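Enquirer: This is start-v3.cif (mmCIF, C-alpha atoms).
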data_entry
#
loop_
_atom_site.label_atom_id
_atom_site.label_comp_id
_atom_site.auth_asym_id
_atom_site.auth_seq_id
_atom_site.Cartn_x
_atom_site.Cartn_y
_atom_site.Cartn_z
CA MET A 1 -72.41 -58.04 -58.20
CA THR A 2 -71.65 -56.03 -61.36
CA THR A 3 -68.64 -53.75 -61.16
CA PRO A 4 -68.46 -50.33 -62.87
CA ASP A 5 -65.90 -51.61 -65.40
CA THR A 6 -68.23 -54.40 -66.47
CA ARG A 7 -71.13 -51.97 -66.95
CA THR A 8 -68.90 -49.69 -69.03
CA THR A 9 -67.81 -52.58 -71.22
CA ARG A 10 -71.44 -53.60 -71.86
CA VAL A 11 -72.43 -50.05 -72.79
CA GLU A 12 -69.52 -49.79 -75.22
CA ALA A 13 -70.40 -53.14 -76.78
CA ARG A 14 -74.02 -52.06 -77.14
CA ASP A 15 -73.16 -48.69 -78.71
CA ARG A 16 -70.54 -50.11 -81.01
CA MET A 17 -71.54 -50.35 -84.74
CA PRO A 18 -72.39 -53.92 -85.82
CA SER A 19 -69.69 -55.60 -87.84
CA TRP A 20 -72.11 -56.46 -90.67
CA LEU A 21 -73.33 -52.87 -91.19
CA PRO A 22 -70.37 -51.54 -93.27
CA ARG A 23 -70.58 -54.58 -95.52
CA ALA A 24 -74.35 -54.13 -95.96
CA VAL A 25 -73.96 -50.43 -96.77
CA PHE A 26 -71.23 -51.26 -99.27
CA LEU A 27 -73.41 -53.91 -100.94
CA VAL A 28 -76.36 -51.50 -101.16
CA LEU A 29 -74.18 -48.84 -102.76
CA VAL A 30 -72.76 -51.39 -105.19
CA MET A 31 -76.28 -52.55 -106.13
CA ILE A 32 -77.45 -48.97 -106.68
CA ALA A 33 -74.42 -48.23 -108.84
CA GLY A 34 -74.96 -51.49 -110.73
CA PHE A 35 -78.61 -50.71 -111.45
CA ARG A 36 -77.70 -47.19 -112.59
CA LEU A 37 -74.99 -48.58 -114.85
CA LEU A 38 -77.38 -51.21 -116.21
CA GLY A 39 -80.05 -48.58 -116.93
CA TRP A 40 -77.52 -46.33 -118.68
CA THR A 41 -76.24 -49.27 -120.75
CA LEU A 42 -79.74 -50.31 -121.80
CA ALA A 43 -80.55 -46.71 -122.76
CA GLN A 44 -77.43 -46.51 -124.92
CA LEU A 45 -78.10 -49.90 -126.52
CA ARG A 46 -81.86 -49.39 -126.97
CA THR A 47 -81.64 -49.06 -130.75
CA LEU A 48 -79.48 -52.17 -131.06
CA LEU A 49 -81.79 -54.18 -128.80
CA ILE A 50 -84.83 -53.16 -130.84
CA ASP A 51 -83.01 -54.15 -134.03
CA LEU A 52 -82.20 -57.54 -132.51
CA LEU A 53 -85.83 -58.03 -131.47
CA VAL A 54 -87.11 -57.18 -134.96
CA ALA A 55 -84.49 -59.45 -136.52
CA PHE A 56 -85.53 -62.29 -134.22
CA PHE A 57 -89.20 -62.05 -135.24
CA LEU A 58 -88.26 -61.76 -138.92
CA ALA A 59 -86.11 -64.86 -138.56
CA LEU A 60 -89.10 -66.67 -137.07
CA ALA A 61 -91.12 -65.64 -140.13
CA PHE A 62 -88.42 -66.88 -142.53
CA GLU A 63 -87.96 -70.15 -140.65
CA PRO A 64 -90.77 -72.24 -142.27
CA ALA A 65 -89.71 -71.44 -145.84
CA VAL A 66 -85.99 -71.90 -145.14
CA ASP A 67 -86.61 -75.13 -143.24
CA ARG A 68 -88.67 -76.48 -146.14
CA LEU A 69 -85.84 -75.76 -148.59
CA ALA A 70 -83.26 -77.22 -146.22
CA ARG A 71 -85.22 -80.48 -145.93
CA ARG A 72 -84.96 -80.88 -149.69
CA GLY A 73 -81.19 -81.06 -149.44
CA MET A 74 -80.29 -77.38 -149.87
CA ARG A 75 -77.73 -75.83 -147.56
CA ARG A 76 -79.34 -73.62 -144.96
CA GLY A 77 -77.28 -70.55 -145.87
CA VAL A 78 -78.21 -70.88 -149.55
CA ALA A 79 -81.88 -71.38 -148.66
CA THR A 80 -81.81 -68.25 -146.50
CA GLY A 81 -80.19 -66.29 -149.33
CA ILE A 82 -82.89 -67.40 -151.78
CA ALA A 83 -85.64 -66.37 -149.35
CA PHE A 84 -83.98 -62.99 -148.83
CA VAL A 85 -83.65 -62.41 -152.59
CA VAL A 86 -87.34 -63.20 -153.16
CA VAL A 87 -88.44 -60.81 -150.40
CA PHE A 88 -86.03 -58.11 -151.61
CA LEU A 89 -87.31 -58.33 -155.19
CA ALA A 90 -90.91 -58.15 -153.99
CA CYS A 91 -90.21 -55.08 -151.83
CA ALA A 92 -88.17 -53.42 -154.58
CA GLY A 93 -90.94 -54.01 -157.10
CA PHE A 94 -93.56 -52.56 -154.77
CA LEU A 95 -91.43 -49.48 -154.04
CA ALA A 96 -90.70 -49.01 -157.74
CA VAL A 97 -94.38 -49.18 -158.68
CA VAL A 98 -95.53 -46.88 -155.87
CA GLY A 99 -92.54 -44.56 -156.41
CA SER A 100 -93.33 -44.16 -160.10
CA LEU A 101 -96.93 -43.38 -159.16
CA LEU A 102 -95.84 -40.68 -156.71
CA VAL A 103 -93.36 -39.19 -159.18
CA ASP A 104 -96.02 -39.03 -161.90
CA GLN A 105 -98.45 -37.37 -159.51
CA VAL A 106 -95.87 -34.80 -158.39
CA VAL A 107 -94.96 -33.99 -162.00
CA ALA A 108 -98.63 -33.67 -162.95
CA PHE A 109 -99.25 -31.42 -159.94
CA ALA A 110 -96.27 -29.22 -160.88
CA ASP A 111 -97.56 -28.91 -164.46
CA HIS A 112 -101.03 -27.90 -163.29
CA LEU A 113 -99.84 -25.68 -160.42
CA PRO A 114 -100.12 -22.36 -162.36
CA ARG A 115 -103.71 -23.16 -163.31
CA TYR A 116 -104.50 -24.15 -159.72
CA LEU A 117 -103.08 -20.84 -158.48
CA GLU A 118 -105.06 -18.85 -161.02
CA ASP A 119 -108.28 -20.64 -160.03
CA LEU A 120 -107.53 -20.01 -156.35
CA VAL A 121 -106.86 -16.31 -156.91
CA ALA A 122 -110.04 -15.99 -158.98
CA TRP A 123 -112.07 -17.64 -156.19
CA VAL A 124 -110.55 -15.29 -153.58
CA ASN A 125 -111.37 -12.26 -155.75
CA ARG A 126 -114.97 -13.39 -156.24
CA THR A 127 -115.51 -14.28 -152.59
CA PHE A 128 -113.81 -11.36 -150.84
CA GLY A 129 -114.02 -8.68 -153.55
CA THR A 130 -110.25 -8.29 -153.88
CA ASP A 131 -108.18 -7.45 -156.94
CA LEU A 132 -105.29 -9.87 -156.67
CA THR A 133 -103.23 -11.44 -159.41
CA VAL A 134 -100.61 -14.13 -159.40
CA GLU A 135 -97.99 -11.58 -160.47
CA LYS A 136 -98.79 -9.29 -157.52
CA ILE A 137 -98.53 -12.16 -155.06
CA GLN A 138 -95.21 -13.27 -156.54
CA GLY A 139 -93.92 -9.69 -156.38
CA ARG A 140 -94.81 -9.38 -152.69
CA ILE A 141 -93.21 -12.72 -151.88
CA PHE A 142 -89.94 -11.99 -153.65
CA LYS A 143 -89.81 -8.32 -152.70
CA ASP A 144 -88.13 -8.99 -149.37
CA THR A 145 -84.99 -10.95 -150.26
CA GLY A 146 -84.20 -11.51 -146.58
CA THR A 147 -87.40 -13.47 -146.06
CA VAL A 148 -86.76 -15.57 -149.14
CA GLN A 149 -83.20 -16.20 -148.01
CA GLY A 150 -84.45 -17.27 -144.58
CA TYR A 151 -86.90 -19.71 -146.14
CA ALA A 152 -84.14 -21.09 -148.34
CA GLU A 153 -81.87 -21.61 -145.33
CA GLN A 154 -84.64 -23.40 -143.44
CA VAL A 155 -85.28 -25.67 -146.41
CA ALA A 156 -81.56 -26.43 -146.67
CA ASN A 157 -81.32 -27.24 -142.96
CA HIS A 158 -84.35 -29.51 -143.15
CA ALA A 159 -82.88 -31.20 -146.22
CA LEU A 160 -79.65 -31.91 -144.35
CA GLY A 161 -81.60 -33.26 -141.39
CA TRP A 162 -83.70 -35.51 -143.59
CA SER A 163 -80.58 -36.74 -145.38
CA ALA A 164 -79.03 -37.73 -142.05
CA ARG A 165 -82.24 -39.51 -141.03
CA ILE A 166 -82.37 -41.40 -144.31
CA VAL A 167 -78.76 -42.53 -143.93
CA GLY A 168 -79.47 -43.64 -140.35
CA ALA A 169 -82.59 -45.52 -141.43
CA LEU A 170 -80.67 -47.30 -144.20
CA PHE A 171 -77.94 -48.31 -141.75
CA GLN A 172 -80.55 -49.59 -139.29
CA LEU A 173 -82.26 -51.53 -142.07
CA PHE A 174 -78.94 -53.09 -143.05
CA THR A 175 -78.30 -54.04 -139.41
CA ILE A 176 -81.71 -55.72 -139.11
CA ALA A 177 -81.19 -57.59 -142.39
CA LEU A 178 -77.74 -58.81 -141.30
CA PHE A 179 -78.96 -60.12 -137.94
CA THR A 180 -82.05 -61.64 -139.56
CA PHE A 181 -79.87 -63.55 -142.01
CA TYR A 182 -77.65 -64.76 -139.19
CA PHE A 183 -80.55 -65.81 -136.94
CA THR A 184 -82.21 -67.67 -139.83
CA ALA A 185 -79.16 -69.36 -141.33
CA GLU A 186 -77.72 -70.35 -137.95
CA GLY A 187 -81.08 -71.12 -136.31
CA PRO A 188 -80.43 -74.79 -135.43
CA ARG A 189 -76.96 -73.99 -134.09
CA ILE A 190 -78.30 -71.12 -131.96
CA ARG A 191 -81.05 -73.31 -130.52
CA ARG A 192 -78.57 -76.07 -129.76
CA ALA A 193 -76.25 -73.58 -128.03
CA VAL A 194 -79.09 -72.20 -125.92
CA CYS A 195 -80.41 -75.64 -124.96
CA SER A 196 -76.93 -76.87 -124.01
CA LEU A 197 -76.99 -74.40 -121.10
CA LEU A 198 -80.23 -75.84 -119.67
CA PRO A 199 -81.20 -79.13 -118.02
CA PRO A 200 -83.08 -81.67 -120.18
CA GLY A 201 -86.50 -80.77 -118.76
CA ARG A 202 -86.05 -77.09 -119.56
CA GLN A 203 -84.66 -77.90 -123.00
CA ALA A 204 -87.97 -79.45 -124.05
CA GLU A 205 -89.88 -76.38 -122.81
CA VAL A 206 -87.57 -73.96 -124.64
CA LEU A 207 -87.82 -75.90 -127.91
CA ARG A 208 -91.59 -76.11 -127.50
CA GLY A 209 -91.86 -72.36 -126.98
CA TRP A 210 -89.58 -71.74 -129.95
CA GLU A 211 -91.74 -73.96 -132.14
CA ILE A 212 -94.89 -72.14 -131.04
CA ALA A 213 -93.25 -68.79 -131.83
CA ILE A 214 -92.27 -69.97 -135.31
CA ASP A 215 -95.77 -71.29 -135.97
CA LYS A 216 -97.57 -68.15 -134.79
CA THR A 217 -95.23 -65.59 -136.35
CA GLY A 218 -95.06 -67.36 -139.69
CA GLY A 219 -98.79 -67.96 -139.66
CA TYR A 220 -99.48 -64.31 -138.92
CA LEU A 221 -97.32 -63.05 -141.78
CA TYR A 222 -98.59 -65.63 -144.27
CA SER A 223 -102.22 -64.94 -143.38
CA ARG A 224 -101.58 -61.22 -143.77
CA ALA A 225 -99.97 -61.83 -147.15
CA ALA A 226 -103.03 -63.80 -148.29
CA LEU A 227 -105.36 -61.05 -147.07
CA ALA A 228 -103.21 -58.43 -148.81
CA LEU A 229 -103.44 -60.33 -152.10
CA ILE A 230 -107.23 -60.67 -151.87
CA SER A 231 -107.60 -57.01 -150.90
CA ALA A 232 -105.39 -55.88 -153.78
CA LEU A 233 -107.41 -57.91 -156.30
CA ALA A 234 -110.74 -56.62 -154.98
CA HIS A 235 -109.64 -52.99 -154.99
CA TYR A 236 -108.09 -53.39 -158.44
CA VAL A 237 -111.45 -54.48 -159.84
CA ALA A 238 -113.17 -51.58 -158.07
CA PHE A 239 -110.64 -49.05 -159.38
CA LEU A 240 -111.08 -50.39 -162.92
CA VAL A 241 -114.86 -50.01 -162.64
CA LEU A 242 -114.44 -46.43 -161.40
CA ASP A 243 -111.92 -45.76 -164.21
CA LEU A 244 -109.20 -44.55 -161.84
CA PRO A 245 -105.69 -44.00 -163.20
CA TYR A 246 -102.86 -46.19 -161.88
CA ALA A 247 -105.25 -48.94 -160.78
CA ILE A 248 -102.52 -51.57 -160.25
CA PRO A 249 -100.19 -49.43 -158.05
CA LEU A 250 -103.12 -48.15 -156.02
CA ALA A 251 -104.47 -51.67 -155.47
CA LEU A 252 -101.04 -52.91 -154.33
CA TRP A 253 -100.73 -49.92 -152.02
CA VAL A 254 -104.11 -50.56 -150.41
CA GLY A 255 -103.52 -54.30 -150.07
CA LEU A 256 -100.12 -54.08 -148.39
CA ILE A 257 -100.60 -51.01 -146.21
CA SER A 258 -104.03 -52.09 -144.95
CA GLN A 259 -102.71 -55.49 -143.83
CA PHE A 260 -99.22 -54.80 -142.54
CA VAL A 261 -99.83 -51.51 -140.70
CA PRO A 262 -101.75 -52.45 -137.54
CA THR A 263 -105.05 -50.84 -136.53
CA VAL A 264 -104.88 -47.68 -138.69
CA GLY A 265 -103.52 -49.25 -141.87
CA THR A 266 -106.89 -49.33 -143.60
CA TYR A 267 -107.49 -45.61 -143.07
CA ILE A 268 -103.96 -44.68 -144.17
CA ALA A 269 -104.16 -46.89 -147.26
CA ILE A 270 -107.40 -45.42 -148.60
CA VAL A 271 -106.23 -41.79 -148.43
CA LEU A 272 -104.04 -41.99 -151.55
CA PRO A 273 -106.69 -43.60 -153.81
CA ALA A 274 -109.31 -41.14 -152.55
CA LEU A 275 -107.07 -38.17 -153.35
CA ILE A 276 -106.33 -39.49 -156.83
CA ALA A 277 -110.03 -40.19 -157.34
CA LEU A 278 -110.69 -36.51 -156.64
CA THR A 279 -108.80 -35.70 -159.84
CA VAL A 280 -111.44 -37.72 -161.69
CA SER A 281 -114.56 -36.51 -159.85
CA PRO A 282 -115.79 -36.02 -156.28
CA ALA A 283 -118.30 -38.84 -156.82
CA ALA A 284 -115.46 -41.24 -157.65
CA ALA A 285 -113.71 -40.35 -154.39
CA VAL A 286 -116.93 -41.01 -152.45
CA TRP A 287 -117.34 -44.39 -154.15
CA VAL A 288 -113.73 -45.29 -153.32
CA VAL A 289 -114.30 -44.58 -149.64
CA LEU A 290 -117.62 -46.46 -149.61
CA PHE A 291 -116.12 -49.51 -151.31
CA ALA A 292 -113.14 -49.55 -148.95
CA THR A 293 -115.48 -49.37 -145.94
CA ALA A 294 -117.72 -52.15 -147.24
CA TYR A 295 -114.76 -54.36 -148.09
CA GLN A 296 -113.29 -53.83 -144.64
CA GLN A 297 -116.49 -55.12 -143.05
CA PHE A 298 -116.52 -58.10 -145.43
CA GLU A 299 -112.92 -58.86 -144.55
CA ASN A 300 -113.39 -58.51 -140.79
CA TYR A 301 -116.47 -60.73 -140.54
CA LEU A 302 -115.94 -63.30 -143.32
CA LEU A 303 -112.38 -63.48 -144.64
CA LEU A 304 -110.34 -62.81 -141.52
CA PRO A 305 -111.90 -65.51 -139.29
CA ARG A 306 -111.55 -68.16 -142.00
CA ILE A 307 -107.96 -67.38 -142.95
CA THR A 308 -106.58 -66.83 -139.47
CA ALA A 309 -108.50 -69.67 -137.81
CA ARG A 310 -105.55 -72.04 -138.19
CA THR A 311 -102.72 -69.53 -137.87
CA VAL A 312 -103.28 -66.80 -135.28
CA GLU A 313 -106.21 -67.50 -132.95
CA ILE A 314 -106.45 -64.20 -131.10
CA HIS A 315 -109.50 -62.13 -130.21
CA PRO A 316 -109.78 -58.77 -132.03
CA ALA A 317 -110.00 -56.88 -128.73
CA VAL A 318 -106.84 -58.59 -127.48
CA ALA A 319 -105.10 -57.80 -130.76
CA PHE A 320 -106.10 -54.13 -130.53
CA GLY A 321 -104.91 -53.88 -126.93
CA SER A 322 -101.62 -55.59 -127.76
CA VAL A 323 -100.98 -53.14 -130.59
CA ILE A 324 -101.57 -50.19 -128.26
CA ALA A 325 -99.29 -51.70 -125.62
CA GLY A 326 -96.58 -52.47 -128.18
CA ALA A 327 -96.73 -48.96 -129.59
CA ALA A 328 -96.46 -47.49 -126.08
CA LEU A 329 -93.41 -49.64 -125.29
CA LEU A 330 -91.46 -49.68 -128.56
CA GLY A 331 -93.24 -47.29 -130.91
CA ALA A 332 -93.96 -48.40 -134.47
CA VAL A 333 -91.77 -51.50 -134.09
CA GLY A 334 -93.75 -52.61 -131.05
CA ALA A 335 -97.02 -52.13 -132.92
CA LEU A 336 -95.77 -54.32 -135.78
CA ILE A 337 -94.59 -57.23 -133.64
CA ALA A 338 -97.31 -56.96 -130.98
CA ILE A 339 -99.82 -59.36 -132.53
CA PRO A 340 -97.44 -62.28 -133.25
CA ALA A 341 -95.80 -61.81 -129.86
CA THR A 342 -99.18 -61.84 -128.11
CA ALA A 343 -100.32 -64.89 -130.08
CA THR A 344 -97.11 -66.71 -129.15
CA ALA A 345 -97.48 -65.85 -125.46
CA GLN A 346 -101.16 -66.80 -125.49
CA ALA A 347 -100.47 -70.19 -127.10
CA PHE A 348 -97.51 -70.92 -124.82
CA ILE A 349 -99.38 -70.01 -121.63
CA GLY A 350 -102.50 -71.81 -122.79
CA SER A 351 -100.54 -75.04 -123.18
CA TYR A 352 -99.95 -75.04 -119.40
CA LEU A 353 -103.50 -74.13 -118.37
CA HIS A 354 -106.23 -76.68 -117.68
CA ARG A 355 -109.77 -75.68 -118.64
CA TYR A 356 -112.75 -77.10 -116.75
CA GLU A 357 -116.29 -77.76 -117.89
CA VAL A 358 -118.66 -74.86 -117.16
CA PRO A 359 -122.22 -75.78 -116.06
CA GLU A 360 -125.10 -74.50 -118.13
CA HIS A 361 -126.32 -71.11 -116.94
CA HIS A 362 -128.19 -68.24 -118.52
CA LEU A 363 -125.16 -65.97 -117.93
CA THR A 364 -122.80 -68.33 -119.78
CA PRO A 365 -124.60 -69.57 -122.91
CA ASP A 366 -122.50 -71.70 -125.24
CA GLU A 367 -123.21 -70.45 -128.76
CA THR A 368 -121.22 -73.28 -130.34
CA ARG A 369 -123.62 -75.98 -129.14
CA PRO A 370 -126.71 -76.80 -131.24
CA PRO A 371 -130.06 -75.95 -129.63
CA LYS A 372 -131.74 -78.71 -127.68
CA ARG A 373 -134.67 -80.60 -129.22
CA PRO A 374 -137.89 -79.40 -127.54
CA GLY A 375 -139.62 -81.80 -125.20
CA ARG A 376 -142.96 -83.53 -125.72
CA LEU A 377 -144.97 -80.94 -123.79
CA SER A 378 -143.32 -78.10 -125.71
CA ARG A 379 -144.10 -79.75 -129.02
CA LEU A 380 -147.70 -80.36 -127.97
CA TRP A 381 -148.09 -76.75 -126.85
CA ARG A 382 -146.60 -75.55 -130.14
CA ARG A 383 -149.02 -77.68 -132.16
CA GLN A 384 -152.04 -76.47 -130.22
CA GLY A 385 -150.93 -72.92 -130.79
CA GLY A 386 -151.07 -73.44 -134.54
CA ASP A 387 -147.33 -73.42 -135.23
CA PRO A 388 -146.08 -75.58 -138.07
CA ALA A 389 -145.25 -79.01 -136.77
CA GLY A 390 -142.23 -79.88 -138.87
CA PRO A 391 -139.97 -82.45 -137.27
CA ALA A 392 -141.74 -82.02 -133.94
CA GLY A 393 -145.08 -82.88 -135.54
CA ASP A 394 -143.62 -86.03 -137.02
CA ALA A 395 -142.39 -87.01 -133.56
CA ASP A 396 -145.88 -86.42 -132.11
CA ALA A 397 -147.42 -88.59 -134.82
CA GLN A 398 -145.02 -91.37 -133.96
CA ASP A 399 -145.92 -91.03 -130.25
CA GLN A 400 -149.63 -91.28 -131.06
CA LYS A 401 -149.02 -94.42 -133.10
CA ARG A 402 -147.17 -95.98 -130.20
CA ASN A 403 -150.02 -95.14 -127.80
CA SER A 404 -152.65 -96.56 -130.16
CA ARG A 405 -150.69 -99.79 -130.35
#
Please express what this file holds, its structure, as C-alpha cells.

Expert:
Amino acid sequence: MTTPDTRTTRVEARDRMPSWLPRAVFLVLVMIAGFRLLGWTLAQLRTLLIDLLVAFFLALAFEPAVDRLARRGMRRGVATGIAFVVVFLACAGFLAVVGSLLVDQVVAFADHLPRYLEDLVAWVNRTFGTDLTVEKIQGRIFKDTGTVQGYAEQVANHALGWSARIVGALFQLFTIALFTFYFTAEGPRIRRAVCSLLPPGRQAEVLRGWEIAIDKTGGYLYSRAALALISALAHYVAFLVLDLPYAIPLALWVGLISQFVPTVGTYIAIVLPALIALTVSPAAAVWVVLFATAYQQFENYLLLPRITARTVEIHPAVAFGSVIAGAALLGAVGALIAIPATATAQAFIGSYLHRYEVPEHHLTPDETRPPKRPGRLSRLWRRQGGDPAGPAGDADAQDQKRNSR
C-alpha cells in the first residue's frame, strides 16, 4: 500500500526539471550565438573572401604556364614573376591604347562643343519658333551664382567619392595580385599541406579535383584569348574597310570586352565603335552593328564549338544560367568566374557518374549516329517510285545478279 509520503515524493520527482534541460538550453544558446558570430564575421570578411576566391581562380589560370617554365629548370617564383610581368605589360598596353583613344575623343568633343551647341540651338529655334542664342543660355545659367556654386559643390563631392573608390579598387587589385602570386608560386607546397591533412584515399580525390580545375580554368581563359585575337583581327579588317579612325584600338576593345565580359560583353563592346562610326556617317554606324551581329553568329556556331571542344565542354544554356547565378551571388566577380567554376564542377561530378546506353526511341534520336542503310524493300520501293538509285540501285543490281545465278 502506497503511503502519502511516497505519493508526494513521486509527484515532486515528476514535476522536477530534468537534469539535462539546463545543459541543452545552454548548448542551444551557444549555437545561436556562434552562428550569429559566424554570420557577422563572414559579412565583415566578405571582401577578403571574394579576393581570395578570385586569386585562387587566377592562380589556376597561371598554373599551366608556370608549371611549363618550372619543368624546364626555372625556379617557380621566377616563373611566376615572368608570367605576371607578361600579363601586366599586356594589360598596360591595352589600357594605354584605349586610354589614348578616349582622351583623343574627349579632346575632339571639347573642341567641337561650341559648334554642337550652336547647331542644337539653331534646331530648337527652327522647330519650336524660339529666339535663343548660346549667349542668352549662358547668361541664364550663370546669372544665379548660388545654383552654380551648388553644382560645383556636388561635382567636388562626387570627385572625392570617386577618388576614394579608385583608391579602394587599386588596393583590392593589389591584394588580389599578391594572393595570386602566392597561390601560384607556392602551389605545390599548398597542395602538399592540404593533402597531408587527409587520408590517402581522399588525397587522390583532392588532387584529381585540383587537376580538373586547373585544366578547365586554364582552358577557358586560353580559349577566350584565342577568340579575342580572332575577333580583334576580323573587326580590324572591317573597320579598315569602313575607314573608321582608331581601327587598332577599337578592334582590341571589341575583341577583349566581347570575350571576357560574360553574356553582355558583345553588346557593350560594339557601343564604342558604333558611336565613333557616327562621326563618320550614320551608314558606317549601321554597317558596324551589322558586321558585329554577323560575326557574333559566325563565332557562336562555327568558331566557339571548335575552339572550346577540348577545353570547356559546357552547354550554352548551362553557361548562361551559371553566369546569372554567379552574378546573383557575387556580382561581377561571380559572373566572371561562373563558367570555369561550372565547367570544373561538371567535369568533377561527371567523373563519378556512370552513363547507360539509351534504347532507340523517336523521343530520343541520336544525331551523332549516321543514318541506317535502307532495307531491300525500301530500296525497291524507291526505285519503283522513280527516285535515283545511287548506291541503293547498285545493291539491287547485285541482288538481281545473285538471284540469276

Enquirer: Which residues, named as in the file, does the PyMOL selection byres ((chain A and resi 235) around 10) pick out? Answer as a list in words.

Expert: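 That expression, the PyMOL selection byres ((chain A and resi 235) around 10), corresponds here to Ile230, Ser231, Ala232, Leu233, Ala234, Tyr236, Val237, Ala238, Phe239, Leu240, Val241, Ala247, Ile248, Leu250, Ala251, Leu252, Trp253, Val254, Gly255, Pro273, Val288, Phe291, Ala292 and Tyr295 of chain A.
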
Enquirer: Expand the PyMOL selection byres ((chain A and resi 320) around 12) into the explicit residue set it covers here, and present it as an MDAnalysis selection string.

Expert: chainID A and resid 262:264 314:319 321:327 335:336 338:339 342

Enquirer: Could you take the residues named above and write them with C-alpha atoms, as a tab-separated table (two decimals), in the frame of the given file?

Expert:
chain	number	residue	atom	x	y	z
A	262	PRO	CA	-101.75	-52.45	-137.54
A	263	THR	CA	-105.05	-50.84	-136.53
A	264	VAL	CA	-104.88	-47.68	-138.69
A	314	ILE	CA	-106.45	-64.20	-131.10
A	315	HIS	CA	-109.50	-62.13	-130.21
A	316	PRO	CA	-109.78	-58.77	-132.03
A	317	ALA	CA	-110.00	-56.88	-128.73
A	318	VAL	CA	-106.84	-58.59	-127.48
A	319	ALA	CA	-105.10	-57.80	-130.76
A	321	GLY	CA	-104.91	-53.88	-126.93
A	322	SER	CA	-101.62	-55.59	-127.76
A	323	VAL	CA	-100.98	-53.14	-130.59
A	324	ILE	CA	-101.57	-50.19	-128.26
A	325	ALA	CA	-99.29	-51.70	-125.62
A	326	GLY	CA	-96.58	-52.47	-128.18
A	327	ALA	CA	-96.73	-48.96	-129.59
A	335	ALA	CA	-97.02	-52.13	-132.92
A	336	LEU	CA	-95.77	-54.32	-135.78
A	338	ALA	CA	-97.31	-56.96	-130.98
A	339	ILE	CA	-99.82	-59.36	-132.53
A	342	THR	CA	-99.18	-61.84	-128.11

Enquirer: Please build the interface table for range 322-341 of chain A against range 36-54 of chain A with a cut-off of 8 Å, listing for each qualifying residue the nearest atom pair and the distance in Å to one decimal; count all atoms listed in the file, order rows by chain and increasing number, and write it as JSON lines.

Expert:
{"residue": "A:Leu330", "atom": "CA", "partner": "A:Ile50", "partner_atom": "CA", "distance": 7.8}
{"residue": "A:Val333", "atom": "CA", "partner": "A:Val54", "partner_atom": "CA", "distance": 7.4}
{"residue": "A:Ile337", "atom": "CA", "partner": "A:Val54", "partner_atom": "CA", "distance": 7.6}

Enquirer: CA of Gly265 in chain A and CA of Asp243 in chain A, how far apart in Å?

Expert: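 Here the two named atoms are 24.1 Å from each other.
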
Enquirer: With distances taken over only C-alpha atoms, which of A:Val103, A:Ala343, A:Val134, A:Ala213 is nearest to Arg115 in chain A?

Expert: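 Once distances to Arg115 in chain A are computed over only C-alpha atoms, the minimum belongs to A:Val134.
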
Enquirer: CA of Leu221 in chain A and CA of Ala332 in chain A, how far apart in Å?

Expert: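 Taking CA of Ala332 in chain A as the start and CA of Leu221 in chain A as the end point, the length is 16.7 Å.
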
Enquirer: Tell me which of A:Tyr246, A:Trp210, A:Tyr182, A:Phe57 sits closest to Ile276 in chain A, counting all atoms listed in the file.

Expert: A:Tyr246

Enquirer: Find the distance between CA of Arg191 in chain A and CA of Gly73 in chain A and write it in Å to one decimal.

Expert: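 We find that CA of Arg191 in chain A and CA of Gly73 in chain A lie 20.4 Å from each other.
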
Enquirer: Go through the shown structure with the PyMOL selection byres ((chain A and resi 76-87) around 9) and write out the matching residues as a ChimeraX atom specification.

Expert: /A:62-63,65-70,73-75,88-92,177,181-182,184-186

Enquirer: Measuring atom to atom with only C-alpha atoms, identify which of A:Leu244, A:Leu102, A:Gly93, A:Arg355 is nearest to Trp287 in chain A.

Expert: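 Among the listed residues, the smallest separation from Trp287 in chain A belongs to A:Leu244.
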
Enquirer: So that I can see what lies close to Leu275 in chain A, please list as a VMD selection string the residues with an atom at most 10 Å from it, counting all atoms listed in the file and leaving out residues fewer than 6 positions away in the same chain.

Expert: chain A and resid 282 284 to 285 288

Enquirer: Write out N, CA and C atoms for range 295-304 of chain A, as a PDB file, in the coordinates of the input.

Expert:
ATOM      1  N   TYR A 295    -115.692 -53.230-148.019  1.00  0.00           N
ATOM      2  CA  TYR A 295    -114.760 -54.360-148.090  1.00  0.00           C
ATOM      3  C   TYR A 295    -114.128 -54.645-146.734  1.00  0.00           C
ATOM      4  N   GLN A 296    -113.868 -53.612-145.963  1.00  0.00           N
ATOM      5  CA  GLN A 296    -113.290 -53.830-144.640  1.00  0.00           C
ATOM      6  C   GLN A 296    -114.232 -54.631-143.752  1.00  0.00           C
ATOM      7  N   GLN A 297    -115.525 -54.338-143.826  1.00  0.00           N
ATOM      8  CA  GLN A 297    -116.490 -55.120-143.050  1.00  0.00           C
ATOM      9  C   GLN A 297    -116.551 -56.566-143.547  1.00  0.00           C
ATOM     10  N   PHE A 298    -116.527 -56.741-144.860  1.00  0.00           N
ATOM     11  CA  PHE A 298    -116.520 -58.100-145.430  1.00  0.00           C
ATOM     12  C   PHE A 298    -115.282 -58.870-144.996  1.00  0.00           C
ATOM     13  N   GLU A 299    -114.161 -58.198-144.967  1.00  0.00           N
ATOM     14  CA  GLU A 299    -112.920 -58.860-144.550  1.00  0.00           C
ATOM     15  C   GLU A 299    -112.937 -59.210-143.067  1.00  0.00           C
ATOM     16  N   ASN A 300    -113.407 -58.282-142.240  1.00  0.00           N
ATOM     17  CA  ASN A 300    -113.390 -58.510-140.790  1.00  0.00           C
ATOM     18  C   ASN A 300    -114.302 -59.656-140.372  1.00  0.00           C
ATOM     19  N   TYR A 301    -115.471 -59.772-141.014  1.00  0.00           N
ATOM     20  CA  TYR A 301    -116.470 -60.730-140.540  1.00  0.00           C
ATOM     21  C   TYR A 301    -116.490 -62.043-141.326  1.00  0.00           C
ATOM     22  N   LEU A 302    -115.907 -62.075-142.523  1.00  0.00           N
ATOM     23  CA  LEU A 302    -115.940 -63.300-143.320  1.00  0.00           C
ATOM     24  C   LEU A 302    -114.548 -63.836-143.640  1.00  0.00           C
ATOM     25  N   LEU A 303    -113.698 -62.994-144.212  1.00  0.00           N
ATOM     26  CA  LEU A 303    -112.380 -63.480-144.640  1.00  0.00           C
ATOM     27  C   LEU A 303    -111.444 -63.721-143.476  1.00  0.00           C
ATOM     28  N   LEU A 304    -111.337 -62.726-142.595  1.00  0.00           N
ATOM     29  CA  LEU A 304    -110.340 -62.810-141.520  1.00  0.00           C
ATOM     30  C   LEU A 304    -110.547 -64.016-140.612  1.00  0.00           C
TER      31      LEU A 304
END
